[in-house]
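Visitor: Hey, dropping coords.txt in here, compact mmCIF, C-alpha atoms:
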# COMPACT_ATOMS: atom_id res chain seq x y z
CA MET A 127 143.92 -55.22 -36.69
CA PHE A 128 146.55 -57.90 -37.21
CA ILE A 129 146.69 -57.11 -40.94
CA LEU A 130 147.35 -53.43 -40.15
CA LEU A 131 150.04 -54.36 -37.64
CA THR A 132 151.60 -56.70 -40.21
CA VAL A 133 151.86 -53.86 -42.74
CA ILE A 134 153.39 -51.56 -40.11
CA THR A 135 155.97 -54.11 -39.01
CA VAL A 136 156.98 -54.86 -42.61
CA VAL A 137 157.53 -51.12 -43.18
CA LEU A 138 159.62 -50.97 -39.99
CA PHE A 139 161.63 -53.96 -41.17
CA ILE A 140 162.35 -52.31 -44.52
CA ALA A 141 163.44 -49.14 -42.70
CA SER A 142 165.78 -51.32 -40.62
CA ILE A 143 167.54 -53.04 -43.50
CA LEU A 144 167.84 -50.02 -45.84
CA PRO A 145 170.84 -48.49 -43.99
CA LEU A 146 172.76 -51.76 -44.44
CA SER A 147 173.17 -50.75 -48.07
CA TYR A 148 176.17 -48.71 -49.20
CA SER A 149 173.82 -46.52 -51.26
CA GLN A 150 174.29 -42.82 -50.51
CA HIS A 151 170.85 -41.78 -51.76
CA PHE A 152 169.01 -39.60 -49.24
CA ALA A 153 166.09 -42.04 -49.02
CA VAL A 154 168.45 -44.80 -47.87
CA ARG A 155 170.67 -42.75 -45.60
CA GLY A 156 167.62 -41.08 -44.08
CA ALA A 157 166.75 -44.42 -42.51
CA ASP A 158 169.89 -44.02 -40.34
CA PHE A 159 168.27 -41.07 -38.60
CA ILE A 160 165.09 -42.77 -37.45
CA ARG A 161 166.53 -45.83 -35.70
CA LEU A 162 165.13 -44.73 -32.34
CA GLN A 163 161.69 -44.10 -33.80
CA VAL A 164 161.71 -47.46 -35.61
CA PHE A 165 162.78 -49.19 -32.40
CA TYR A 166 159.94 -47.60 -30.44
CA GLY A 167 157.52 -48.36 -33.27
CA ALA A 168 158.45 -52.04 -33.20
CA VAL A 169 157.99 -52.17 -29.42
CA ILE A 170 154.55 -50.58 -29.74
CA SER A 171 153.61 -52.94 -32.56
CA LEU A 172 154.66 -55.96 -30.50
CA VAL A 173 152.70 -54.80 -27.45
CA CYS A 174 149.59 -54.02 -29.55
CA ALA A 175 149.73 -57.48 -31.13
CA CYS A 176 149.88 -59.16 -27.71
CA ILE A 177 147.04 -57.02 -26.32
CA THR A 178 144.88 -57.70 -29.39
CA ALA A 179 145.50 -61.44 -29.10
CA ILE A 180 144.43 -61.37 -25.45
CA ILE A 181 141.31 -59.29 -26.14
CA TYR A 182 140.08 -61.44 -29.03
CA ASN A 183 141.50 -64.66 -27.63
CA GLU A 184 143.04 -65.67 -30.92
CA MET A 185 146.50 -66.01 -32.43
CA PRO A 186 146.26 -66.10 -36.23
CA THR A 187 149.26 -66.48 -38.50
CA THR A 188 149.48 -62.70 -38.79
CA PHE A 189 149.99 -62.50 -35.02
CA PHE A 190 153.12 -64.61 -35.23
CA THR A 191 154.30 -62.58 -38.22
CA VAL A 192 153.95 -59.34 -36.25
CA VAL A 193 155.64 -60.78 -33.16
CA GLY A 194 158.49 -62.29 -35.17
CA VAL A 195 159.20 -59.30 -37.39
CA SER A 196 158.80 -56.78 -34.54
CA SER A 197 161.22 -58.77 -32.38
CA LEU A 198 163.73 -58.88 -35.21
CA VAL A 199 163.46 -55.11 -35.74
CA ILE A 200 163.90 -54.49 -32.00
CA ILE A 201 167.06 -56.61 -31.97
CA MET A 202 168.48 -55.01 -35.13
CA GLN A 203 167.85 -51.43 -34.06
CA GLY A 204 168.79 -52.15 -30.46
CA TRP A 205 172.21 -53.33 -31.60
CA TRP A 206 172.90 -49.92 -33.19
CA ILE A 207 171.53 -47.68 -30.44
CA PHE A 208 172.53 -49.69 -27.35
CA PRO A 209 176.05 -48.15 -27.04
CA TYR A 210 174.39 -44.76 -26.41
CA THR A 211 172.21 -45.94 -23.54
CA TRP A 212 172.97 -45.80 -19.82
CA LEU A 213 173.25 -49.60 -19.85
CA ALA A 214 176.32 -49.62 -22.10
CA LYS A 215 179.93 -49.27 -21.08
CA LYS A 216 181.28 -45.71 -21.16
CA GLU A 217 183.80 -45.26 -23.95
CA VAL A 218 185.32 -42.17 -22.31
CA LYS A 219 186.35 -42.20 -18.67
CA SER A 220 184.69 -39.75 -16.31
CA SER A 221 186.67 -36.95 -14.69
CA ASP A 222 186.57 -36.31 -10.98
CA GLU A 223 184.02 -33.67 -10.08
CA ASP A 224 186.62 -31.54 -8.29
CA VAL A 225 189.06 -31.54 -11.23
CA ALA A 226 189.31 -28.24 -13.08
CA HIS A 227 188.18 -28.41 -16.68
CA SER A 228 190.57 -28.23 -19.60
CA VAL A 229 187.98 -26.95 -22.03
CA ARG A 230 184.23 -26.37 -22.02
CA ILE A 231 182.74 -26.27 -25.52
CA MET A 232 179.24 -25.19 -26.47
CA SER A 233 177.97 -25.94 -29.96
CA ALA A 234 174.80 -24.19 -31.12
CA ASN A 235 173.08 -24.39 -34.49
CA VAL A 236 171.19 -21.12 -34.19
CA LEU A 237 168.83 -21.59 -37.19
CA MET A 238 169.51 -18.64 -39.44
CA SER A 239 165.85 -17.55 -39.53
CA ASN A 240 165.63 -17.60 -35.72
CA HIS A 241 166.04 -14.09 -34.35
CA ASN A 242 165.77 -14.93 -30.67
CA SER A 243 169.37 -14.07 -29.88
CA GLU A 244 168.60 -13.03 -26.31
CA ASP A 245 167.93 -16.59 -25.18
CA LEU A 246 171.14 -17.89 -26.73
CA VAL A 247 173.17 -15.11 -25.12
CA ALA A 248 171.53 -15.96 -21.80
CA LEU A 249 172.50 -19.62 -22.20
CA VAL A 250 176.09 -18.64 -22.95
CA LYS A 251 176.28 -16.38 -19.91
CA GLN A 252 174.71 -19.09 -17.73
CA HIS A 253 177.02 -21.94 -18.76
CA GLU A 254 180.16 -19.90 -19.55
CA PRO A 255 181.75 -22.09 -22.23
CA ASP A 256 185.41 -21.49 -23.02
CA LEU A 257 184.65 -21.98 -26.69
CA LEU A 258 181.34 -21.22 -28.35
CA VAL A 259 180.77 -22.37 -31.92
CA THR A 260 177.65 -21.13 -33.69
CA LEU A 261 176.34 -22.71 -36.88
CA GLU A 262 173.98 -21.17 -39.45
CA SER A 263 175.04 -17.77 -38.11
CA ASP A 264 174.82 -14.98 -40.67
CA SER A 265 175.68 -11.26 -40.50
CA TRP A 266 172.57 -10.56 -38.38
CA TRP A 267 173.67 -13.10 -35.80
CA GLN A 268 177.21 -11.76 -35.92
CA GLU A 269 175.91 -8.32 -35.00
CA GLN A 270 173.67 -9.62 -32.20
CA LEU A 271 176.46 -11.65 -30.63
CA THR A 272 178.74 -8.62 -30.23
CA GLU A 273 177.30 -8.60 -26.72
CA LEU A 274 179.64 -11.52 -26.00
CA HIS A 275 182.81 -9.78 -27.15
CA ASP A 276 183.92 -8.63 -23.71
CA ASP A 277 183.88 -12.22 -22.46
CA TYR A 278 185.36 -13.71 -25.62
CA PRO A 279 188.39 -11.70 -26.79
CA TYR A 280 189.36 -14.25 -29.46
CA ARG A 281 186.92 -14.67 -32.32
CA ILE A 282 186.68 -16.12 -35.82
CA ALA A 283 183.84 -14.95 -38.07
CA CYS A 284 182.54 -16.62 -41.19
CA PRO A 285 179.00 -15.27 -41.74
CA LYS A 286 177.00 -16.81 -44.57
CA ASP A 287 173.44 -16.25 -45.75
CA ASN A 288 173.10 -19.85 -47.01
CA ARG A 289 172.60 -21.49 -43.57
CA TYR A 290 176.25 -22.55 -43.41
CA GLY A 291 177.76 -19.59 -41.61
CA MET A 292 179.97 -20.30 -38.62
CA HIS A 293 181.47 -18.28 -35.77
CA ILE A 294 183.94 -19.15 -33.01
CA PHE A 295 184.07 -17.25 -29.72
CA SER A 296 186.95 -18.19 -27.44
CA LYS A 297 188.14 -17.18 -23.98
CA TYR A 298 191.38 -18.98 -24.75
CA LYS A 299 194.08 -17.61 -27.02
CA ILE A 300 193.70 -18.73 -30.62
CA ILE A 301 197.23 -19.34 -31.86
CA GLN A 302 196.42 -20.11 -35.46
CA HIS A 303 193.33 -20.73 -37.54
CA LYS A 304 192.16 -21.37 -41.06
CA ILE A 305 188.72 -21.25 -42.69
CA CYS A 306 188.34 -23.90 -45.38
CA GLU A 307 185.81 -25.03 -47.94
CA LEU A 308 186.86 -28.67 -47.97
CA VAL A 309 184.35 -30.17 -50.38
CA SER A 310 181.76 -27.66 -51.59
CA PRO A 311 182.03 -23.92 -52.31
CA ASP A 312 180.42 -21.74 -49.60
CA ILE A 313 180.29 -24.66 -47.11
CA PRO A 314 182.98 -23.60 -44.62
CA SER A 315 184.74 -25.35 -41.78
CA ILE A 316 186.97 -23.74 -39.17
CA HIS A 317 190.23 -25.29 -38.00
CA LEU A 318 192.32 -23.85 -35.20
CA LEU A 319 194.91 -24.19 -32.48
CA PHE A 320 194.14 -22.69 -29.09
CA GLU A 321 195.91 -22.61 -25.75
CA ASN A 322 193.95 -23.22 -22.56
CA ALA A 323 194.55 -21.68 -19.14
CA ASP A 324 197.09 -24.39 -18.27
CA GLY A 325 199.16 -23.75 -21.36
CA LEU A 326 197.89 -26.87 -23.13
CA ILE A 327 197.71 -26.48 -26.91
CA ILE A 328 194.57 -28.09 -28.35
CA GLN A 329 193.63 -28.55 -31.98
CA GLY A 330 190.02 -28.00 -32.98
CA HIS A 331 188.08 -28.82 -36.14
CA PHE A 332 184.55 -27.42 -36.43
CA ILE A 333 182.49 -28.66 -39.35
CA HIS A 334 178.98 -28.47 -40.78
CA PRO A 335 178.71 -30.62 -43.94
CA GLU A 336 175.67 -30.66 -46.21
CA PRO A 337 172.96 -33.20 -45.42
CA PRO A 338 171.51 -35.75 -47.82
CA SER A 339 167.96 -34.53 -48.48
CA PRO A 340 165.59 -33.86 -51.37
CA THR A 341 166.01 -30.09 -50.87
CA GLU A 342 169.83 -29.99 -50.62
CA LYS A 343 171.91 -32.95 -51.79
CA GLU A 344 170.40 -36.02 -53.39
CA THR A 345 173.14 -38.19 -51.90
CA SER A 346 175.35 -38.13 -48.79
CA ARG A 347 178.52 -38.12 -50.87
CA THR A 348 179.68 -34.60 -49.98
CA ARG A 349 178.95 -35.12 -46.28
CA ASP A 350 180.66 -38.49 -46.23
CA SER A 351 183.67 -37.10 -48.08
CA GLU A 352 184.17 -34.27 -45.59
CA LEU A 353 183.95 -36.58 -42.59
CA ILE A 354 186.37 -39.06 -44.16
CA MET A 355 188.82 -36.27 -45.03
CA VAL A 356 188.84 -34.96 -41.46
CA ALA A 357 189.13 -38.46 -39.99
CA LYS A 358 192.17 -39.28 -42.11
CA ALA A 359 193.81 -35.95 -41.30
CA VAL A 360 193.53 -36.33 -37.51
CA LYS A 361 194.08 -40.08 -37.13
CA ASP A 362 197.67 -39.72 -35.82
CA PRO A 363 197.44 -36.58 -33.68
CA ILE A 364 200.54 -34.88 -32.30
CA ARG A 365 198.48 -33.03 -29.69
CA PRO A 366 194.97 -33.24 -28.14
CA VAL A 367 192.33 -32.84 -30.85
CA ILE A 368 188.60 -32.09 -30.80
CA VAL A 369 186.17 -32.39 -33.73
CA ALA A 370 182.74 -30.87 -33.24
CA GLY A 371 179.73 -29.44 -35.03
CA ASP A 372 176.49 -30.29 -36.74
CA LEU A 373 177.51 -33.27 -38.85
CA ASN A 374 174.05 -33.68 -40.39
CA ASP A 375 174.43 -37.30 -39.43
CA VAL A 376 173.53 -39.42 -36.43
CA ALA A 377 175.97 -41.02 -34.03
CA TRP A 378 175.18 -44.60 -35.06
CA SER A 379 175.24 -44.20 -38.85
CA ARG A 380 177.64 -46.05 -41.10
CA THR A 381 179.46 -42.81 -41.98
CA THR A 382 179.93 -41.61 -38.40
CA GLN A 383 181.06 -45.09 -37.35
CA LEU A 384 183.51 -45.00 -40.25
CA PHE A 385 184.76 -41.60 -39.08
CA MET A 386 185.36 -43.06 -35.61
CA LYS A 387 187.20 -46.09 -36.98
CA LEU A 388 189.46 -44.07 -39.29
CA SER A 389 190.35 -41.44 -36.69
CA GLY A 390 190.42 -43.63 -33.59
CA PHE A 391 188.55 -40.84 -31.79
CA LEU A 392 186.16 -41.35 -28.90
CA ASP A 393 182.53 -40.39 -28.36
CA PRO A 394 181.77 -39.14 -24.81
CA ARG A 395 178.06 -39.90 -25.28
CA LYS A 396 178.57 -43.66 -25.34
CA GLY A 397 177.24 -45.07 -22.10
CA ARG A 398 175.81 -41.69 -21.10
CA GLY A 399 172.81 -41.08 -23.36
CA PHE A 400 171.63 -40.02 -26.80
CA PHE A 401 171.68 -36.23 -26.26
CA ASN A 402 169.26 -35.73 -29.16
CA THR A 403 169.76 -32.17 -30.35
CA PHE A 404 167.34 -32.10 -33.30
CA HIS A 405 164.38 -31.43 -33.70
CA ALA A 406 163.82 -29.13 -30.72
CA ASP A 407 160.11 -28.66 -31.51
CA TYR A 408 159.07 -32.29 -32.00
CA PHE A 409 159.84 -34.62 -29.11
CA PHE A 410 158.82 -37.70 -31.11
CA MET A 411 161.25 -36.97 -33.96
CA ARG A 412 164.59 -36.30 -32.34
CA TRP A 413 168.05 -37.65 -33.01
CA PRO A 414 171.67 -36.69 -32.20
CA LEU A 415 172.84 -34.39 -35.02
CA ASP A 416 175.33 -32.26 -33.07
CA HIS A 417 178.51 -34.04 -32.09
CA LEU A 418 181.81 -33.73 -30.29
CA PHE A 419 184.54 -36.32 -30.76
CA HIS A 420 188.03 -36.18 -29.30
CA SER A 421 191.40 -37.90 -29.20
CA THR A 422 192.04 -40.46 -26.50
CA GLY A 423 193.68 -38.39 -23.74
CA PHE A 424 190.55 -36.52 -22.63
CA THR A 425 188.13 -37.54 -19.91
CA VAL A 426 184.64 -36.09 -19.69
CA LYS A 427 183.42 -34.06 -16.76
CA ARG A 428 180.04 -33.10 -18.15
CA ILE A 429 177.94 -33.38 -21.27
CA LYS A 430 174.56 -31.72 -21.39
CA ARG A 431 171.83 -30.77 -23.82
CA LEU A 432 170.81 -27.22 -23.02
CA ALA A 433 167.43 -25.47 -22.94
CA LYS A 434 165.54 -24.34 -26.04
CA TYR A 435 166.39 -20.91 -27.42
CA GLY A 436 164.23 -20.63 -30.53
CA SER A 437 166.27 -22.79 -32.89
CA ASP A 438 165.28 -26.18 -34.27
CA HIS A 439 168.41 -27.50 -32.53
CA PHE A 440 169.26 -27.69 -28.86
CA ALA A 441 172.75 -26.50 -27.96
CA LEU A 442 175.24 -29.11 -26.73
CA LEU A 443 177.68 -28.40 -23.89
CA THR A 444 180.66 -30.69 -23.36
CA GLU A 445 183.23 -30.23 -20.62
CA LEU A 446 186.48 -32.15 -21.06
CA VAL A 447 189.58 -32.61 -18.92
CA TYR A 448 192.89 -33.52 -20.51
CA GLN A 449 194.53 -36.14 -18.32
CA ASN A 450 196.46 -38.12 -20.95
CA ALA A 451 194.05 -40.94 -20.13
CA GLU A 452 194.77 -44.46 -21.32
CA GLN A 453 191.68 -45.49 -23.25
CA GLU A 454 190.74 -46.52 -26.75
CA SER A 455 187.82 -46.70 -29.12
CA GLN A 456 185.33 -49.51 -28.69
CA LEU A 457 185.21 -49.88 -32.47
CA ASP A 458 187.65 -52.24 -34.15
CA LYS A 459 189.06 -51.09 -37.47
CA ASP A 460 188.58 -54.04 -39.81
CA GLU A 461 190.42 -54.66 -43.06
CA ASN A 462 187.52 -53.24 -45.08
CA THR A 463 187.51 -49.85 -43.35
CA LEU A 464 189.80 -48.05 -45.79
CA GLU A 465 188.16 -49.76 -48.75
CA VAL A 466 184.73 -48.57 -47.64
CA ALA A 467 186.05 -45.04 -47.05
CA GLU A 468 187.45 -44.85 -50.57
CA LYS A 469 184.16 -46.09 -51.96
CA LEU A 470 182.10 -43.45 -50.16
CA LYS A 471 184.24 -40.35 -50.61
CA MET A 472 184.53 -38.19 -53.70
CA ASP A 473 187.57 -38.99 -55.84
CA GLU A 474 188.89 -35.44 -56.02
CA VAL A 475 189.06 -34.69 -52.29
CA ASP A 476 192.39 -34.81 -50.49
CA LYS A 477 193.03 -35.14 -46.76
CA GLN A 478 195.89 -32.64 -47.11
CA GLN A 479 193.30 -29.89 -47.45
CA VAL A 480 192.51 -30.25 -43.73
CA PRO A 481 194.89 -28.03 -41.70
CA THR A 482 196.65 -29.91 -38.88
CA PHE A 483 199.16 -27.17 -37.96
CA LYS A 484 202.11 -29.56 -37.83
CA ASN A 485 204.51 -26.64 -37.54
CA LYS A 486 203.16 -25.99 -34.03
CA LYS A 487 204.36 -28.31 -31.31
CA GLY A 488 201.91 -30.12 -29.08
CA PRO A 489 202.05 -30.60 -25.30
Before anything else, please render the file you have as structure tokens.
Guide:
Amino acid sequence: MFILLTVITVVLFIASILPLSYSQHFAVRGADFIRLQVFYGAVISLVCACITAIIYNEMPTTFFTVVGVSSLVIIMQGWWIFPYTWLAKKEVKSSDEDVAHSVRIMSANVLMSNHNSEDLVALVKQHEPDLLVTLESDSWWQEQLTELHDDYPYRIACPKDNRYGMHIFSKYKIIQHKICELVSPDIPSIHLLFENADGLIIQGHFIHPEPPSPTEKETSRTRDSELIMVAKAVKDPIRPVIVAGDLNDVAWSRTTQLFMKLSGFLDPRKGRGFFNTFHADYFFMRWPLDHLFHSTGFTVKRIKRLAKYGSDHFALLTELVYQNAEQESQLDKDENTLEVAEKLKMDEVDKQQVPTFKNKKGP
């Protein structure tokens, strides 16, 4: 038993140190995703070792190996995931319950092959987001979601049959928008300015980069490049800015942390929970793939993972209030931040490709 536990803990340790590498190979970056599972696995391994030692009344060398390595893995993984637990300090201030919202955004990766549009429409009607962004939405989904047109007079459509389609439905006036393919052909992102009910002009960037995986991209280079481009483009905002979508990355990864450092944006999940949006069908293999980051002036009134609707993702609802709040990122930008960003991104990409609508004045 102790030999088996030793093998398991060594595997967990390897999975813990792999993401420390700058390698962008999918096998290395994939270890970012499973930090929660590795943490739980180390806890289970530690408990099993203690129970086995009590039952057999012995503590061989392998027992101490299991206890030592499991404890190290728990500490290492705990350091990464702790900011997203209820025990951590909130990075974004909470809004008063009676304060009217500035914007309520719902992000939903619909899963292109999922044809259960009725449940998604029901969720939209139940939660009434001001902006709905759908990902993986093709022409079929575009047709099914015409039912929402009366409630959402402003719309941007970019249907694709390659699982990278995207649609925006807005109750608020869209002043200007642009659909871009920042890094890869046929991988769109939508960038826009919209004006809320109070006359506040807000800038939005909705993205869905390609994931590192054996079936799509062998490395995370295209994903990392897109996130770095957007981060650089929005780092000195002239108005409130929101970045949201399925980043095909987890909140605690090196790349997402780099995005946060470069942009100075905040994550409303910190101190509030993981809000694991993928995989909807397997409770034991879930991680936060769908994100919303924002510039410093917002406070958060509500953030919620919504009910299942047939997709492999849960939808994420985030309700923000713009109060020009004085707050800043918990991450310190060190002197290596820009150097690391240049190392990870593709040489040919340019931050100027990301529309920031500088000809439109902010609040």
Visitor: Taking a cut-off of 10 Å and counting only C-alpha atoms, can you build a table that, for each residue of segment 329-348 of chain A near segment 138-153 of chain A, reports the nearest atom pair and how far apart they are in Å (one decimal), sorted by chain then residue number, as JSON lines?
Guide:
{"residue": "A:Pro337", "atom": "CA", "partner": "A:Phe152", "partner_atom": "CA", "distance": 8.4}
{"residue": "A:Pro338", "atom": "CA", "partner": "A:Phe152", "partner_atom": "CA", "distance": 4.8}
{"residue": "A:Ser339", "atom": "CA", "partner": "A:Phe152", "partner_atom": "CA", "distance": 5.2}
{"residue": "A:Pro340", "atom": "CA", "partner": "A:Phe152", "partner_atom": "CA", "distance": 7.0}
{"residue": "A:Glu342", "atom": "CA", "partner": "A:Phe152", "partner_atom": "CA", "distance": 9.7}
{"residue": "A:Lys343", "atom": "CA", "partner": "A:Phe152", "partner_atom": "CA", "distance": 7.7}
{"residue": "A:Glu344", "atom": "CA", "partner": "A:Phe152", "partner_atom": "CA", "distance": 5.7}
{"residue": "A:Thr345", "atom": "CA", "partner": "A:His151", "partner_atom": "CA", "distance": 4.3}
{"residue": "A:Ser346", "atom": "CA", "partner": "A:Gln150", "partner_atom": "CA", "distance": 5.1}
{"residue": "A:Arg347", "atom": "CA", "partner": "A:Gln150", "partner_atom": "CA", "distance": 6.3}
{"residue": "A:Thr348", "atom": "CA", "partner": "A:Gln150", "partner_atom": "CA", "distance": 9.8}
Visitor: For Asp476 of chain A, please output as a PyMOL selection string all residues within 12 Å (counting all atoms listed in the file; exclusion window: fewer than 4 positions along the same chain).
Guide: chain A and resi 308-309+351-359+468+471-472+480-481
Visitor: Would you mind telling me which residue in A:Ile134, A:Leu446, A:Leu470, A:Ile200 lies nearest to Arg380 of chain A when using only C-alpha atoms?
Guide: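 Counting only C-alpha atoms, the residue closest to Arg380 of chain A is A:Leu470.
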Visitor: When distances are computed from only C-alpha atoms, which of A:Phe295, A:Phe400, A:Tyr408, A:Phe419 shows the smallest separation from Asp276 of chain A?
Guide: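 Closest to Asp276 of chain A, using only C-alpha atoms: A:Phe295.
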Visitor: Can you check which parts of segment 409-487 of chain A lie within 10 Å of segment 387-396 of chain A? Per residue, the shortest pair of atoms and distance in Å to one decimal, counting only C-alpha atoms, sorted by chain and number, as a tab-separated table.
Guide:
residue	atom	partner	partner_atom	distance
A:Pro414	CA	A:Arg395	CA	10.0
A:His417	CA	A:Asp393	CA	8.4
A:Leu418	CA	A:Asp393	CA	7.0
A:Phe419	CA	A:Asp393	CA	5.1
A:His420	CA	A:Phe391	CA	5.3
A:Ser421	CA	A:Phe391	CA	4.8
A:Thr422	CA	A:Phe391	CA	6.3
A:Gly423	CA	A:Leu392	CA	9.6
A:Phe424	CA	A:Leu392	CA	9.1
A:Thr425	CA	A:Pro394	CA	8.2
A:Val426	CA	A:Pro394	CA	6.6
A:Lys427	CA	A:Pro394	CA	9.7
A:Arg428	CA	A:Pro394	CA	9.2
A:Ile429	CA	A:Arg395	CA	7.7
A:Lys430	CA	A:Arg395	CA	9.7
A:Thr444	CA	A:Pro394	CA	8.6
A:Glu445	CA	A:Pro394	CA	10.0
A:Leu446	CA	A:Pro394	CA	9.2
A:Gln453	CA	A:Leu392	CA	8.9
A:Glu454	CA	A:Leu392	CA	7.2
A:Ser455	CA	A:Leu392	CA	5.6
A:Gln456	CA	A:Leu392	CA	8.2
A:Leu457	CA	A:Lys387	CA	6.2
A:Asp458	CA	A:Lys387	CA	6.8
A:Lys459	CA	A:Lys387	CA	5.4
A:Asp460	CA	A:Lys387	CA	8.6
A:Thr463	CA	A:Leu388	CA	7.3
A:Leu464	CA	A:Leu388	CA	7.6
A:Ala467	CA	A:Leu388	CA	8.5
Visitor: Give me the residues of segment 390-447 of chain A that have any atom at most 7 Å from an atom of segment 231-236 of chain A; for each, the nearest atom pair and the distance in Å, rounded to one decimal. Use all atoms listed in the file, sort by chain and number, and format it as CSV.
Guide:
residue,atom,partner,partner_atom,distance
A:Ser437,CA,A:Val236,CA,5.4
A:His439,CA,A:Asn235,CA,5.9
A:Phe440,CA,A:Ala234,CA,6.9
A:Ala441,CA,A:Ala234,CA,4.4
A:Leu442,CA,A:Ser233,CA,5.3
A:Leu443,CA,A:Met232,CA,4.4
A:Thr444,CA,A:Ile231,CA,5.3
A:Glu445,CA,A:Ile231,CA,6.3
Visitor: Pick out the closest residue to Pro279 of chain A from this set: A:Asp312, A:Asp224, A:Glu336, A:Asp256. Count all atoms listed in the file.
Guide: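 Nearest to Pro279 of chain A: A:Asp256.
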Visitor: Would you mind listing what lies within 12 Å of Gly436 of chain A as a list in words, with only C-alpha atoms counted and same-chain residues fewer than 3 positions away left out?
Guide: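 Surrounding residues, per the criterion: Ala234, Asn235, Val236, Leu237, Met238, Ser239, Asn240, His241, Asn242, Ser243, Glu244, Asp245, Leu246, Val247, Leu249, His405, Ala406, Asp407, Leu432, Ala433, His439, Phe440 and Ala441 of chain A.
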Visitor: Identify which of the residues A:Val136, A:Val192, A:Val154, A:Ile316 lies closest to Thr482 of chain A, counting only C-alpha atoms when measuring atom-to-atom distances.
Guide: A:Ile316
Visitor: Between atom CA of Trp378 of chain A and atom CA of Trp206 of chain A, what is the distance in Å, rounded to a tenth?
Guide: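 Atom CA of Trp206 of chain A lies at a distance of 6.1 Å from atom CA of Trp378 of chain A.
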Visitor: Which one is closest to Asp416 of chain A: A:Ile333, A:Ala175, A:Leu318, A:Ile368? Count only C-alpha atoms.
Guide: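 Checking each candidate against Asp416 of chain A, we get A:Ile333 as the closest.
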Visitor: Figure out the distance between atom CA of Met202 of chain A and atom CA of Ile170 of chain A, please, to one decimal in Å.
Guide: 15.6 Å
Visitor: Hey, what's within 7 Å of Ser228 of chain A if we count all atoms listed in the file and toss same-chain stuff fewer than 4 positions away? As a PyMOL selection string, please?
Guide: chain A and resi 322+446-448
Visitor: Please compute the atom CA of Gly194 of chain A-atom CA of Val164 of chain A distance, one decimal, in Å.
Guide: 15.2 Å
Visitor: Using all atoms listed in the file, find the one residue out of A:Leu131, A:Val466, A:Val137, A:Ile364 that sits nearest to Phe190 of chain A.
Guide: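 Comparing A:Leu131, A:Val466, A:Val137, A:Ile364 against Phe190 of chain A, the winner is A:Leu131.
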